[in-house]
Each structure stands twice: as structure tokens, then as C-alpha cells.
$ cat structure18.txt   # compact mmCIF, C-alpha atoms
# COMPACT_ATOMS: atom_id res chain seq x y z
CA MET M 270 0.00 0.00 0.00
CA LYS M 271 2.73 2.50 0.91
CA PRO M 272 4.30 2.57 -2.54
CA ILE M 273 0.87 3.35 -4.01
CA ILE M 274 0.33 6.31 -1.61
CA THR M 275 3.82 7.75 -2.06
CA HIS M 276 4.03 7.09 -5.77
CA ASN M 277 4.03 10.45 -7.61
CA LEU M 278 3.46 12.24 -4.30
CA GLY M 279 4.42 15.66 -5.67
CA VAL M 280 1.94 15.41 -8.51
CA LYS M 281 -0.80 14.41 -6.10
CA LEU M 282 -0.06 17.35 -3.76
CA VAL M 283 -0.15 19.81 -6.62
CA SER M 284 -3.44 18.35 -7.83
CA LEU M 285 -4.89 18.69 -4.35
CA ILE M 286 -3.85 22.32 -4.06
CA VAL M 287 -5.21 23.13 -7.52
CA ALA M 288 -8.50 21.46 -6.65
CA PHE M 289 -8.77 23.51 -3.44
CA PHE M 290 -8.26 26.78 -5.26
CA CYS M 291 -10.73 25.74 -7.94
CA TRP M 292 -13.25 25.13 -5.15
CA LEU M 293 -12.57 28.57 -3.70
CA ILE M 294 -13.08 30.19 -7.10
CA ILE M 295 -16.36 28.36 -7.65
CA ILE M 296 -17.62 29.32 -4.19
CA SER M 297 -16.56 32.93 -4.72
CA ILE M 298 -18.35 33.12 -8.03
CA SER M 299 -21.58 31.58 -6.76
CA ASP M 300 -21.67 33.53 -3.39
CA PRO M 301 -19.50 36.63 -3.81
CA THR M 302 -18.76 39.27 -1.15
CA VAL M 303 -21.09 42.26 -1.54
CA THR M 304 -21.93 45.52 0.25
CA ARG M 305 -25.30 47.02 1.03
CA ARG M 306 -26.13 50.43 2.45
CA PHE M 307 -28.86 51.17 4.98
CA ASP M 308 -29.74 54.87 5.34
CA GLY M 309 -31.37 56.70 8.24
CA ILE M 310 -30.78 54.31 11.14
CA PRO M 311 -32.12 56.21 14.20
CA VAL M 312 -29.59 56.74 16.98
CA GLU M 313 -30.74 55.70 20.45
CA ILE M 314 -29.51 58.05 23.17
CA PHE M 315 -28.93 56.79 26.68
CA ASN M 316 -27.34 57.99 29.92
CA GLU M 317 -29.19 61.31 29.52
CA ASN M 318 -29.02 61.76 33.28
CA ALA M 319 -25.33 62.59 32.85
CA ILE M 320 -26.55 65.93 31.48
CA SER M 321 -29.76 66.44 33.44
CA SER M 322 -27.92 65.88 36.73
CA ALA M 323 -25.82 68.91 35.87
CA GLU M 324 -29.01 71.00 35.50
CA GLN M 325 -28.54 71.18 31.77
CA VAL M 326 -30.53 70.12 28.76
CA TYR M 327 -29.33 69.10 25.34
CA GLU M 328 -30.58 69.41 21.81
CA VAL M 329 -29.30 67.21 19.01
CA VAL M 330 -27.51 69.32 16.41
CA ALA M 331 -26.40 66.49 14.11
CA GLY M 332 -26.11 62.73 14.05
CA ASP M 333 -29.59 61.68 15.18
CA LYS M 334 -29.54 59.25 12.24
CA VAL M 335 -26.66 57.33 10.71
CA ASN M 336 -26.00 55.55 7.39
CA VAL M 337 -24.49 52.07 7.69
CA THR M 338 -22.76 49.92 5.02
CA VAL M 339 -22.88 46.15 5.55
CA LYS M 340 -20.30 43.85 3.91
CA ASP M 341 -20.31 40.06 3.70
CA LYS M 342 -21.31 37.17 1.47
CA ARG M 343 -24.32 37.85 -0.66
CA SER M 344 -26.23 35.00 0.98
CA VAL M 345 -25.80 36.74 4.33
CA VAL M 346 -26.22 40.38 3.29
CA GLU M 347 -29.40 39.83 1.31
CA ASN M 348 -31.17 38.51 4.41
CA ILE M 349 -30.26 41.44 6.67
CA GLN M 350 -33.17 43.82 7.51
CA LYS M 351 -32.89 47.46 8.51
CA SER M 352 -34.61 46.66 11.82
CA GLN M 353 -31.63 44.44 12.74
CA LEU M 354 -29.29 47.45 12.85
CA THR M 355 -29.14 49.38 16.11
CA ALA M 356 -27.24 52.64 16.62
CA LYS M 357 -26.49 53.98 20.11
CA ALA M 358 -24.83 57.02 21.63
CA ASP M 359 -23.76 57.24 25.29
CA LEU M 360 -24.08 60.80 26.61
CA GLY M 361 -21.97 59.69 29.56
CA GLN M 362 -19.05 59.74 27.12
CA LEU M 363 -19.70 63.28 25.86
CA SER M 364 -16.49 65.06 24.83
CA LYS M 365 -15.46 68.63 25.53
CA VAL M 366 -16.74 69.62 22.08
CA ASN M 367 -20.17 68.15 22.94
CA ALA M 368 -19.82 65.13 20.65
CA VAL M 369 -20.04 61.42 21.35
CA ALA M 370 -19.15 58.44 19.17
CA ILE M 371 -21.95 56.35 17.72
CA ASP M 372 -21.81 52.55 17.97
CA VAL M 373 -23.71 50.33 15.56
CA TYR M 374 -24.71 46.73 16.26
CA LEU M 375 -26.16 43.98 14.11
CA THR M 376 -28.55 41.59 15.85
CA ASP M 377 -30.05 38.21 14.98
CA VAL M 378 -27.31 37.28 12.47
CA GLU M 379 -25.31 34.09 13.00
CA ALA M 380 -22.41 35.04 10.71
CA ASN M 381 -19.49 36.62 12.58
CA SER M 382 -17.80 37.86 9.46
CA VAL M 383 -20.23 40.72 8.73
CA SER M 384 -18.44 44.05 8.44
CA LEU M 385 -20.20 47.28 9.46
CA ASP M 386 -19.04 50.74 8.42
CA TRP M 387 -20.72 54.01 9.48
CA ASN M 388 -17.82 56.29 8.67
CA ASN M 389 -17.08 57.02 12.34
CA ALA M 390 -20.20 59.16 12.62
CA VAL M 391 -20.72 61.07 15.86
CA LEU M 392 -23.71 62.56 17.66
CA GLN M 393 -23.34 66.33 18.08
CA VAL M 394 -25.41 68.11 20.77
CA ALA M 395 -25.82 71.65 22.05
CA LEU M 396 -26.02 72.21 25.81
CA GLU M 397 -27.70 74.98 27.70
CA GLU M 398 -28.98 75.77 31.17
CA LYS M 399 -32.22 74.06 32.21
CA ILE M 400 -34.90 76.24 33.80
CA THR M 401 -38.34 75.43 35.22
CA LYS M 402 -41.56 77.45 35.10
CA ASN M 403 -45.20 76.90 36.02
CA PHE M 404 -47.94 77.31 33.41
CA LYS M 405 -51.73 77.33 33.57
CA VAL M 406 -53.20 74.57 31.40
CA ASP M 407 -55.71 75.70 28.76
CA TYR M 408 -57.65 73.50 26.38
CA LYS M 409 -58.86 73.41 22.79
CA ILE M 410 -61.65 71.40 21.19
CA ASP M 411 -61.21 69.07 18.22
CA GLY M 412 -64.35 67.59 16.68
CA GLU M 413 -68.04 67.86 17.59
CA LEU M 414 -70.57 66.44 19.99
CA THR M 415 -73.84 64.92 18.82
CA SER M 416 -76.20 67.54 17.40
CA SER M 417 -78.27 69.31 20.07
CA TYR M 418 -75.66 68.74 22.78
CA ILE M 419 -73.08 71.15 24.20
CA LEU M 420 -69.85 70.81 26.14
CA ASN M 421 -70.95 72.44 29.36
CA ASP M 422 -67.93 72.38 31.64
CA VAL M 423 -64.39 71.03 31.59
CA ILE M 424 -62.50 70.36 34.81
CA ILE M 425 -58.72 70.05 34.43
CA GLU M 426 -57.51 67.97 37.37
CA THR M 427 -53.99 69.45 37.17
CA PRO M 428 -54.64 73.10 36.27
CA ILE M 429 -51.01 74.15 36.82
CA VAL M 430 -48.06 72.16 35.41
CA GLU M 431 -44.32 72.47 35.80
CA VAL M 432 -42.32 72.72 32.57
CA SER M 433 -38.54 72.22 32.42
CA CYS M 434 -36.41 72.87 29.34
CA GLY M 435 -33.55 74.95 27.99
CA VAL M 436 -33.51 78.73 28.21
CA SER M 437 -33.98 79.26 24.46
CA LYS M 438 -36.98 76.92 24.16
CA MET M 439 -38.55 78.34 27.32
CA GLY M 440 -38.47 81.74 25.66
CA ARG M 441 -40.65 80.40 22.85
CA ILE M 442 -43.33 78.96 25.13
CA HIS M 443 -46.40 81.19 25.26
CA SER M 444 -48.91 78.72 26.69
CA VAL M 445 -49.43 75.10 27.68
CA GLY M 446 -52.59 73.28 26.71
CA LEU M 447 -54.26 70.08 25.71
CA VAL M 448 -56.66 69.10 22.93
CA ILE M 449 -60.00 67.53 23.89
CA PRO M 450 -61.26 65.19 21.15
CA LEU M 451 -65.02 65.25 20.60
CA ASN M 452 -66.61 62.35 18.76
CA LYS M 453 -70.42 62.66 18.85
CA GLN M 454 -70.59 62.13 22.64
CA LYS M 455 -73.91 62.48 24.47
CA LYS M 456 -72.72 61.82 28.02
CA ASN M 457 -70.14 63.10 30.48
CA PHE M 458 -66.67 61.68 29.91
CA GLU M 459 -63.15 61.56 31.38
CA LYS M 460 -59.86 61.31 29.50
CA GLU M 461 -56.10 61.51 30.13
CA LEU M 462 -54.52 63.80 27.55
CA PRO M 463 -50.91 64.72 26.67
CA LEU M 464 -49.73 68.29 27.10
CA VAL M 465 -48.96 70.55 24.15
CA LEU M 466 -46.71 73.62 24.00
CA TYR M 467 -47.71 76.65 21.91
CA GLU M 468 -45.92 79.71 20.61
CA ALA M 469 -47.60 83.12 20.68
CA ASP M 470 -48.93 82.63 17.12
CA GLY M 471 -50.53 79.33 18.09
CA ASN M 472 -48.00 77.05 16.42
CA GLU M 473 -47.01 73.92 18.33
CA ILE M 474 -43.50 73.57 19.78
CA ASP M 475 -41.71 70.22 19.58
CA LEU M 476 -41.16 68.50 22.94
CA ASN M 477 -37.49 67.59 22.42
CA GLY M 478 -35.62 68.42 25.60
CA VAL M 479 -38.84 69.26 27.47
CA THR M 480 -40.04 67.52 30.63
CA PHE M 481 -43.23 67.98 32.66
CA ASN M 482 -44.00 67.12 36.25
CA THR M 483 -46.79 64.92 34.85
CA ASP M 484 -46.90 63.10 31.53
CA LYS M 485 -50.66 63.37 31.05
CA VAL M 486 -53.48 65.42 32.55
CA LEU M 487 -56.91 64.06 33.46
CA ILE M 488 -59.91 66.09 32.27
CA LYS M 489 -63.56 65.63 33.26
CA ALA M 490 -66.10 67.00 30.80
CA SER M 491 -69.85 67.41 31.29
CA VAL M 492 -72.21 67.21 28.31
CA LEU M 493 -75.75 68.63 28.29
CA PRO M 494 -78.68 68.44 25.84
CA THR M 495 -79.95 71.71 24.34
CA LYS M 496 -83.38 73.08 23.46
CA THR M 497 -84.57 76.08 21.45
CA ILE M 498 -87.49 77.99 22.95
CA GLN M 499 -89.59 80.96 21.88
CA VAL M 500 -89.44 84.26 23.74
CA GLU M 501 -93.05 85.26 24.45
CA HIS M 502 -93.70 88.79 25.68
CA LYS M 503 -96.75 89.94 27.59
CA LEU M 504 -97.77 93.58 27.80
CA VAL M 505 -98.82 94.72 31.27
CA GLY M 506 -101.14 97.72 31.47
CA THR M 507 -101.85 100.46 28.91
CA PRO M 508 -99.97 103.63 27.99
CA LYS M 509 -100.87 106.96 29.49
CA GLU M 510 -104.20 108.40 28.38
CA GLY M 511 -103.80 110.04 25.02
CA TYR M 512 -100.82 107.87 24.07
CA TYR M 513 -100.56 104.88 21.77
CA LEU M 514 -98.28 101.78 21.65
CA VAL M 515 -96.98 101.82 18.09
CA SER M 516 -94.79 98.70 18.13
CA THR M 517 -92.91 96.25 20.32
CA ASP M 518 -89.65 94.64 19.19
CA ILE M 519 -87.87 91.97 21.22
CA GLN M 520 -84.46 90.46 20.35
CA PRO M 521 -83.72 87.66 20.11
CA ASP M 522 -87.15 86.12 19.70
CA THR M 523 -85.79 82.58 20.22
CA ILE M 524 -82.97 81.38 22.48
CA GLN M 525 -81.06 78.15 22.98
CA ILE M 526 -80.76 76.72 26.48
CA ALA M 527 -79.10 73.61 27.92
CA GLY M 528 -79.58 71.61 31.08
CA PRO M 529 -80.65 68.29 32.55
CA GLU M 530 -83.32 66.59 30.44
CA ALA M 531 -85.75 66.49 33.38
CA VAL M 532 -85.57 70.28 33.66
CA LEU M 533 -85.63 71.02 29.91
CA LYS M 534 -88.82 69.06 29.27
CA ASN M 535 -90.77 71.43 31.56
CA ILE M 536 -89.69 74.58 29.70
CA GLU M 537 -91.64 75.38 26.53
CA SER M 538 -91.08 79.13 26.25
CA LEU M 539 -89.55 82.12 27.99
CA PRO M 540 -92.22 84.55 29.23
CA VAL M 541 -91.16 88.19 29.39
CA GLU M 542 -93.38 90.85 30.98
CA ILE M 543 -93.21 94.35 29.50
CA ILE M 544 -94.78 97.02 31.68
CA VAL M 545 -96.30 99.79 29.55
CA ASP M 546 -98.83 100.96 32.12
CA GLY M 547 -98.89 104.76 32.28
CA LYS M 548 -95.93 105.14 29.89
CA SER M 549 -95.76 108.10 27.52
CA LYS M 550 -92.40 107.55 25.76
CA GLU M 551 -90.39 104.74 24.26
CA ILE M 552 -89.16 101.93 26.51
CA LYS M 553 -85.77 100.25 26.13
CA LYS M 554 -84.63 97.54 28.50
CA THR M 555 -82.19 94.61 28.69
CA ILE M 556 -83.06 91.53 30.76
CA GLU M 557 -80.73 88.87 32.13
CA VAL M 558 -82.18 85.56 30.92
CA ALA M 559 -80.70 83.62 33.86
CA GLU M 560 -82.99 85.57 36.22
CA LEU M 561 -86.04 84.10 34.47
CA LEU M 562 -84.99 80.43 34.36
CA ASP M 563 -84.18 77.52 36.66
CA PRO M 564 -80.65 77.80 38.13
CA GLN M 565 -79.78 74.43 36.56
CA ILE M 566 -80.22 75.87 33.08
CA VAL M 567 -77.06 76.80 31.19
CA ILE M 568 -77.28 79.68 28.72
CA ASP M 569 -74.81 80.25 25.92
CA GLU M 570 -73.15 83.67 25.96
CA GLU M 571 -75.00 84.62 22.75
CA TYR M 572 -78.37 84.31 24.54
CA ARG M 573 -77.61 85.58 28.03
CA THR M 574 -79.56 88.82 27.58
CA ILE M 575 -82.81 89.84 25.89
CA SER M 576 -83.58 93.39 24.82
CA TYR M 577 -86.96 94.91 24.05
CA HIS M 578 -87.95 98.23 22.53
CA CYS M 579 -91.46 99.69 22.77
CA ILE M 580 -92.35 102.76 20.72
CA ILE M 581 -95.08 104.85 22.40
CA GLU M 582 -96.36 108.01 20.75
CA LYS M 583 -99.05 110.56 21.40
CA TYR M 584 -102.45 109.50 20.16
CA GLY M 585 -103.99 111.79 17.55
CA GLU M 586 -106.57 112.08 14.78
CA ARG M 587 -106.54 113.37 11.23
CA THR M 588 -109.35 113.95 8.78
CA ILE M 589 -108.83 113.20 5.09
CA VAL M 590 -111.42 114.09 2.43
CA LEU M 591 -111.87 111.61 -0.43
CA THR M 592 -113.56 111.98 -3.80
CA LYS M 593 -114.52 109.30 -6.30
CA GLU M 594 -111.14 109.82 -8.02
CA ASP M 595 -109.48 108.55 -4.82
CA ILE M 596 -111.56 105.34 -4.81
CA PRO M 597 -110.56 102.78 -7.46
CA ILE M 598 -112.82 99.89 -8.44
CA ARG M 599 -111.67 96.29 -8.08
CA ASN M 600 -113.05 92.97 -9.37
CA LEU M 601 -115.60 94.51 -11.77
CA GLU M 602 -117.18 91.69 -13.77
CA VAL M 603 -116.61 91.81 -17.53
CA GLY M 604 -119.62 93.29 -19.31
CA LEU M 605 -120.66 95.49 -16.40
CA GLU M 606 -120.28 99.22 -15.92
CA CYS M 607 -119.99 100.97 -12.51
CA THR M 608 -121.10 104.54 -11.79
CA PHE M 609 -121.22 106.54 -8.57
CA ARG M 610 -124.81 107.55 -7.77
CA ARG M 611 -123.50 110.84 -6.30
CA PRO M 612 -120.37 111.56 -8.33
CA ASP M 613 -119.70 114.90 -6.66
CA GLN M 614 -119.99 113.61 -3.09
CA LYS M 615 -117.03 114.03 -0.74
CA TYR M 616 -116.26 111.30 1.81
CA THR M 617 -114.71 112.17 5.17
CA ALA M 618 -112.24 109.66 6.68
CA VAL M 619 -111.26 110.10 10.34
CA ILE M 620 -107.95 108.34 11.03
CA SER M 621 -106.48 107.82 14.48
CA GLY M 622 -103.03 106.72 15.55
CA SER M 623 -99.59 108.03 16.37
CA GLU M 624 -98.91 111.59 15.36
CA SER M 625 -95.72 110.72 13.49
CA LEU M 626 -97.64 108.34 11.20
CA LEU M 627 -100.58 110.70 10.81
CA LYS M 628 -98.27 113.36 9.42
CA GLN M 629 -97.20 111.00 6.65
CA ILE M 630 -100.58 109.66 5.54
CA ASP M 631 -102.45 110.98 2.48
CA THR M 632 -105.21 109.72 0.19
CA ALA M 633 -102.81 107.51 -1.76
CA GLY M 634 -101.35 106.09 1.44
CA MET M 635 -104.82 105.01 2.59
CA GLU M 636 -105.14 102.68 -0.44
CA CYS M 637 -108.93 102.94 -0.48
CA TYR M 638 -111.00 100.86 -2.95
CA LEU M 639 -114.39 99.27 -3.63
CA ASP M 640 -114.55 95.52 -4.07
CA LEU M 641 -117.24 94.50 -6.60
CA GLY M 642 -116.53 90.78 -6.57
CA ASP M 643 -119.59 88.57 -7.25
CA LEU M 644 -121.89 91.59 -7.80
CA ASP M 645 -124.35 91.70 -10.70
CA VAL M 646 -126.56 94.43 -12.15
CA GLY M 647 -128.17 96.56 -9.45
CA THR M 648 -127.79 99.42 -6.96
CA TYR M 649 -125.50 98.94 -3.97
CA SER M 650 -124.27 100.73 -0.86
CA LEU M 651 -120.74 99.37 -0.35
CA LEU M 652 -118.36 99.73 2.58
CA LEU M 653 -115.17 101.51 1.61
CA ARG M 654 -112.17 99.25 2.05
CA HIS M 655 -108.61 100.38 2.83
CA ASN M 656 -105.04 99.30 3.59
CA LEU M 657 -103.86 101.74 6.22
CA PRO M 658 -100.27 101.44 7.48
CA LYS M 659 -99.79 99.53 10.73
CA GLY M 660 -100.36 101.85 13.69
CA LEU M 661 -103.25 103.76 12.07
CA LYS M 662 -106.96 103.07 12.30
CA LEU M 663 -110.01 104.31 10.39
CA LYS M 664 -112.50 105.38 13.05
CA ASN M 665 -115.61 105.75 10.90
CA ASN M 666 -117.29 103.50 8.35
CA ILE M 667 -117.68 105.08 4.91
CA LYS M 668 -120.35 103.80 2.52
CA VAL M 669 -120.42 104.55 -1.19
CA GLN M 670 -123.54 104.15 -3.35
CA ILE M 671 -123.03 102.79 -6.85
CA ASP M 672 -125.03 101.53 -9.82
CA LEU M 673 -124.04 98.47 -11.83
CA LYS M 674 -125.47 98.02 -15.32
CA ARG M 675 -124.66 96.23 -18.50
CA SER M 676 -122.19 97.89 -20.78
CA ILE M 677 -123.65 99.22 -24.06
CA VAL M 678 -121.83 97.60 -26.94
CA THR M 679 -121.74 99.76 -30.10
CA GLU M 680 -120.97 98.27 -33.47
$ encode --input "structure18.txt" --output "C-alpha cells"
Amino acid sequence: MKPIITHNLGVKLVSLIVAFFCWLIIISISDPTVTRRFDGIPVEIFNENAISSAEQVYEVVAGDKVNVTVKDKRSVVENIQKSQLTAKADLGQLSKVNAVAIDVYLTDVEANSVSLDWNNAVLQVALEEKITKNFKVDYKIDGELTSSYILNDVIIETPIVEVSCGVSKMGRIHSVGLVIPLNKQKKNFEKELPLVLYEADGNEIDLNGVTFNTDKVLIKASVLPTKTIQVEHKLVGTPKEGYYLVSTDIQPDTIQIAGPEAVLKNIESLPVEIIVDGKSKEIKKTIEVAELLDPQIVIDEEYRTISYHCIIEKYGERTIVLTKEDIPIRNLEVGLECTFRRPDQKYTAVISGSESLLKQIDTAGMECYLDLGDLDVGTYSLLLRHNLPKGLKLKNNIKVQIDLKRSIVTE
């Protein structure tokens, strides 16, 4: 056997070496070494207390994300996911120039030959003094309740919060608030909500480097049903003798109220008494609606007051003389002819009302007329009709005698 093994030993060794290199070439061709780049790997920051303990805050200037190049066999690299790359920066190792090296790790990969390159990227931060201030918590509304319901009251369990951040960011903070989401609610509700920082123009401020003495604030909101009711006024008494109530205007004439359902169902209108007894001039008054309703009723600011205006003027009379030319005929049947039995007669109209309106009235303003609807041939004594302006009254009845006859048709 030995001569067979050692026979041509050199040739056999060379063949073995050649075969090995051929195998390496084949493997290299079928599974070559490749690189792959992963952009925007977020950098996790830890040991932040190294800065906060010194009563300082930091803000990342550069390096919050890093680009990583992975190098290995294609079979390995192609199976690597971005989520397997982790970048970290230890603020406990912060240098004098406020920079710290970033370390990148690859997890869940069995191969130990994977090469990672992130070009020695560093996290750069800016430091400044941390200050603390107290702010009142306000709120905004986002969304709507169910129709016919209102948000009655909001109780903020932590009305004052403590805000800590850098001097420059603190200078931008104008107010602290929270946003209450409304989504067609009909009942009272509670909710824990995150705090929001606002600039003077209402824009939100990012919360980087900001801490609160509480992460969330509990709010308790009460919701009430609403109802629209009519304002009904009642006049009490009469104006002074010789004076006349021209008009009464009340605004608004309907209001919206809110309250417990058991209370709302018993309210159908809002009665308002207007005392005109013995008055001789206009009346203007504003009433607080809350004084007229159950204390449990909630009134929107728009409807908290009601105003009324009564115009009272001196009562007077005026006499207007009418002729047949002032009295038009209406609804004369076709084929009939109307004539006044006493064409030269003058008709006296006595009109009463406020003096200001009496000064403006004339024969045309009275809109007098005779209505001949459904009348046939014959002699009639008809009541004069009129359309006097509101606030004036015709005191006497005026009758006009007419004849109706067939029209004479001439060929």
C-alpha cells in the first residue's frame, strides 16, 4: 500500500492544491462578497441623566440618524433587515466639544464575518442651562358632539403644570394646553390627555428636551342636551291716556338653552313681561335671561340677555277728504259698468293713531277701494275698504252708493 500512496506524491499534492483553489473560485463566483447600504438608522440616546444631573438640557444638532454599510457574502447580506441594525450614543461619554461616538450593532445574524461601516459618525449636541416654570393649562376642542348637545364644563384635574427645558426653548413657550377630542358624545366623559406647548402665534412647539412634572393630565367633561325655545312677551297695562303703543320689538325672539333633560322638558317658552302701564315715551330695556330660568339651566353667551324696545307716541286724529277719483274699483265683472250715484260727493275719513304716522298719511297712502266681486246688475251701498299702514286706524265706516249696469256695446 505504501508505494501506491507515495508514488508520484508531488503530482498528487499539486493536484490537491489546484482542486482547493478551484473550489474557492467556484464558491466565490456563486456567493461573492457584496456591500449594502442602509440609510437613516435612528440613533438611540442613553445615559441622559449625565446631562440632566448637571441642571442642563441638550438638543441634538447632528447625528440623530446614521447611514451604515454592511459587507459580507451575498447569501448573508441579502437577508439582513434594517430593523436588525441598532445605533447607540452614550451621553456619559460626551467630549469637551459636545460630541459622542456612535456605535452600531447587528442583531439576529449568525455570521461573525459581517463588516459594518458608518464612517465614524458622531452625535453632536448643544447644551444649555435648564430652567423650570409653572404654566396654567388651557384647552382646545377638536371635533363635535352629537347635534343638540353642548360641552358644558371642563375640569382640568392638574390646572397648573411644571415645565422644564432649555432657556432658548422656554423663551418660545407662550402657553401650555391640551386638545380635547369630541366624537359625537352624548354623556359626560373623562380622559387623560398629553400636554402641548404653543408659541404666541398658536403654532405647536416640539417636545425635544422638554419635561413635565406629569406626563398626562386628566380632564372631566360634562355634556348637556340643548333646546330652542320661543321668547313670548306679555304687555302689562296700557300707555298713558292720550298715548298709543306703536310697536314692540324683542331680540332675540328665540334662544337656545341647555340643562338636565328632566328640567328642559318642563320649559316650553320664555315669558317676558313688559310694563307699559302709564308710559308716555319709548321703553328700552335689557333683561338677564338667567334671572327668568331655573338655576340648573345653562345659557350660551349669545343668549344671556334679551332686549326689548317699545315705541309709544301721542295718540292723535286726522281727517282726510276723499272723492270718487281717490276710490278705485276692483273685481268689476266683464260686461258690467260701474257709476257713482252721487259723483260729486265728498267722503270724510277720520284716522287715528300716532302723530308721526298721521303726518305722513295721504289719500294715496290710505289705499282705499271698492270691491265688486260677485256683484251683478243693481244698486249697492258698499263699505269703503282700505289698507292703512300699521299703527293707524279708520274710526268711521264710509259707505259709497253705486249703480251696476250692463255695458252698451256699439258696433
$ residues_around --input "structure18.txt" --residues "Thr507 (chain M)" --least-positions-apart "2" --cutoff "10 Å" --atoms "all atoms listed in the file" --output "ChimeraX atom specification"
/M:504-505,509-510,512-514,544-549
$ residues_around --input "structure18.txt" --residues "region 366-382 of chain M" --least-positions-apart "5" --cutoff "12 Å" --atoms "only C-alpha atoms" --output "JSON, numbers by chain"
{"M": [302, 307, 310, 311, 312, 313, 314, 315, 316, 320, 327, 328, 329, 330, 331, 332, 333, 334, 335, 336, 337, 338, 339, 340, 341, 342, 343, 344, 345, 346, 347, 348, 349, 350, 351, 352, 353, 354, 355, 356, 357, 358, 359, 360, 361, 387, 388, 389, 390, 391, 392, 393, 394, 395, 396, 397]}
$ write_last_selection --input "structure18.txt" --atoms "C-alpha atoms" --output "PDB file, keeping the file's coordinate frame"
ATOM      1  CA  THR M 302     -18.760  39.270  -1.150  1.00  0.00           C
ATOM      2  CA  PHE M 307     -28.860  51.170   4.980  1.00  0.00           C
ATOM      3  CA  ILE M 310     -30.780  54.310  11.140  1.00  0.00           C
ATOM      4  CA  PRO M 311     -32.120  56.210  14.200  1.00  0.00           C
ATOM      5  CA  VAL M 312     -29.590  56.740  16.980  1.00  0.00           C
ATOM      6  CA  GLU M 313     -30.740  55.700  20.450  1.00  0.00           C
ATOM      7  CA  ILE M 314     -29.510  58.050  23.170  1.00  0.00           C
ATOM      8  CA  PHE M 315     -28.930  56.790  26.680  1.00  0.00           C
ATOM      9  CA  ASN M 316     -27.340  57.990  29.920  1.00  0.00           C
ATOM     10  CA  ILE M 320     -26.550  65.930  31.480  1.00  0.00           C
ATOM     11  CA  TYR M 327     -29.330  69.100  25.340  1.00  0.00           C
ATOM     12  CA  GLU M 328     -30.580  69.410  21.810  1.00  0.00           C
ATOM     13  CA  VAL M 329     -29.300  67.210  19.010  1.00  0.00           C
ATOM     14  CA  VAL M 330     -27.510  69.320  16.410  1.00  0.00           C
ATOM     15  CA  ALA M 331     -26.400  66.490  14.110  1.00  0.00           C
ATOM     16  CA  GLY M 332     -26.110  62.730  14.050  1.00  0.00           C
ATOM     17  CA  ASP M 333     -29.590  61.680  15.180  1.00  0.00           C
ATOM     18  CA  LYS M 334     -29.540  59.250  12.240  1.00  0.00           C
ATOM     19  CA  VAL M 335     -26.660  57.330  10.710  1.00  0.00           C
ATOM     20  CA  ASN M 336     -26.000  55.550   7.390  1.00  0.00           C
ATOM     21  CA  VAL M 337     -24.490  52.070   7.690  1.00  0.00           C
ATOM     22  CA  THR M 338     -22.760  49.920   5.020  1.00  0.00           C
ATOM     23  CA  VAL M 339     -22.880  46.150   5.550  1.00  0.00           C
ATOM     24  CA  LYS M 340     -20.300  43.850   3.910  1.00  0.00           C
ATOM     25  CA  ASP M 341     -20.310  40.060   3.700  1.00  0.00           C
ATOM     26  CA  LYS M 342     -21.310  37.170   1.470  1.00  0.00           C
ATOM     27  CA  ARG M 343     -24.320  37.850  -0.660  1.00  0.00           C
ATOM     28  CA  SER M 344     -26.230  35.000   0.980  1.00  0.00           C
ATOM     29  CA  VAL M 345     -25.800  36.740   4.330  1.00  0.00           C
ATOM     30  CA  VAL M 346     -26.220  40.380   3.290  1.00  0.00           C
ATOM     31  CA  GLU M 347     -29.400  39.830   1.310  1.00  0.00           C
ATOM     32  CA  ASN M 348     -31.170  38.510   4.410  1.00  0.00           C
ATOM     33  CA  ILE M 349     -30.260  41.440   6.670  1.00  0.00           C
ATOM     34  CA  GLN M 350     -33.170  43.820   7.510  1.00  0.00           C
ATOM     35  CA  LYS M 351     -32.890  47.460   8.510  1.00  0.00           C
ATOM     36  CA  SER M 352     -34.610  46.660  11.820  1.00  0.00           C
ATOM     37  CA  GLN M 353     -31.630  44.440  12.740  1.00  0.00           C
ATOM     38  CA  LEU M 354     -29.290  47.450  12.850  1.00  0.00           C
ATOM     39  CA  THR M 355     -29.140  49.380  16.110  1.00  0.00           C
ATOM     40  CA  ALA M 356     -27.240  52.640  16.620  1.00  0.00           C
ATOM     41  CA  LYS M 357     -26.490  53.980  20.110  1.00  0.00           C
ATOM     42  CA  ALA M 358     -24.830  57.020  21.630  1.00  0.00           C
ATOM     43  CA  ASP M 359     -23.760  57.240  25.290  1.00  0.00           C
ATOM     44  CA  LEU M 360     -24.080  60.800  26.610  1.00  0.00           C
ATOM     45  CA  GLY M 361     -21.970  59.690  29.560  1.00  0.00           C
ATOM     46  CA  TRP M 387     -20.720  54.010   9.480  1.00  0.00           C
ATOM     47  CA  ASN M 388     -17.820  56.290   8.670  1.00  0.00           C
ATOM     48  CA  ASN M 389     -17.080  57.020  12.340  1.00  0.00           C
ATOM     49  CA  ALA M 390     -20.200  59.160  12.620  1.00  0.00           C
ATOM     50  CA  VAL M 391     -20.720  61.070  15.860  1.00  0.00           C
ATOM     51  CA  LEU M 392     -23.710  62.560  17.660  1.00  0.00           C
ATOM     52  CA  GLN M 393     -23.340  66.330  18.080  1.00  0.00           C
ATOM     53  CA  VAL M 394     -25.410  68.110  20.770  1.00  0.00           C
ATOM     54  CA  ALA M 395     -25.820  71.650  22.050  1.00  0.00           C
ATOM     55  CA  LEU M 396     -26.020  72.210  25.810  1.00  0.00           C
ATOM     56  CA  GLU M 397     -27.700  74.980  27.700  1.00  0.00           C
TER      57      GLU M 397
END
$ closest_atom_pairs --input "structure18.txt" --of "region 487-523 of chain M" --to "region 400-420 of chain M" --cutoff "7 Å" --atoms "all atoms listed in the file" --output "JSON lines"
{"residue": "M:Ser491", "atom": "CA", "partner": "M:Leu420", "partner_atom": "CA", "distance": 6.2}
{"residue": "M:Val492", "atom": "CA", "partner": "M:Leu420", "partner_atom": "CA", "distance": 4.8}
{"residue": "M:Leu493", "atom": "CA", "partner": "M:Ile419", "partner_atom": "CA", "distance": 5.5}
{"residue": "M:Pro494", "atom": "CA", "partner": "M:Tyr418", "partner_atom": "CA", "distance": 4.3}
{"residue": "M:Thr495", "atom": "CA", "partner": "M:Ser417", "partner_atom": "CA", "distance": 5.2}
$ closest_residue --input "structure18.txt" --among "M:Glu594, M:Asp300, M:Glu557, M:Asp522" --to "Tyr638 (chain M)" --atoms "all atoms listed in the file"
M:Glu594
$ residues_near_point --input "structure18.txt" --point "(-99.3, 111.0, 6.8)" --cutoff "12 Å" --atoms "only C-alpha atoms" --output "PyMOL selection string"
chain M and resi 585-589+620-635+657-658+660-661
$ residues_around --input "structure18.txt" --residues "Ser433 (chain M)" --least-positions-apart "6" --cutoff "12 Å" --atoms "only C-alpha atoms" --output "VMD selection string"
chain M and resid 321 324 to 326 398 to 404 439 to 440 442 466 476 to 483
$ atom_distance --input "structure18.txt" --atom1 "CA of Phe458 (chain M)" --atom2 "CA of Ala490 (chain M)"
5.4 Å
$ atom_distance --input "structure18.txt" --atom1 "CA of Tyr577 (chain M)" --atom2 "CA of Pro529 (chain M)"
28.6 Å
$ atom_distance --input "structure18.txt" --atom1 "CA of Lys662 (chain M)" --atom2 "CA of Leu644 (chain M)"
27.5 Å
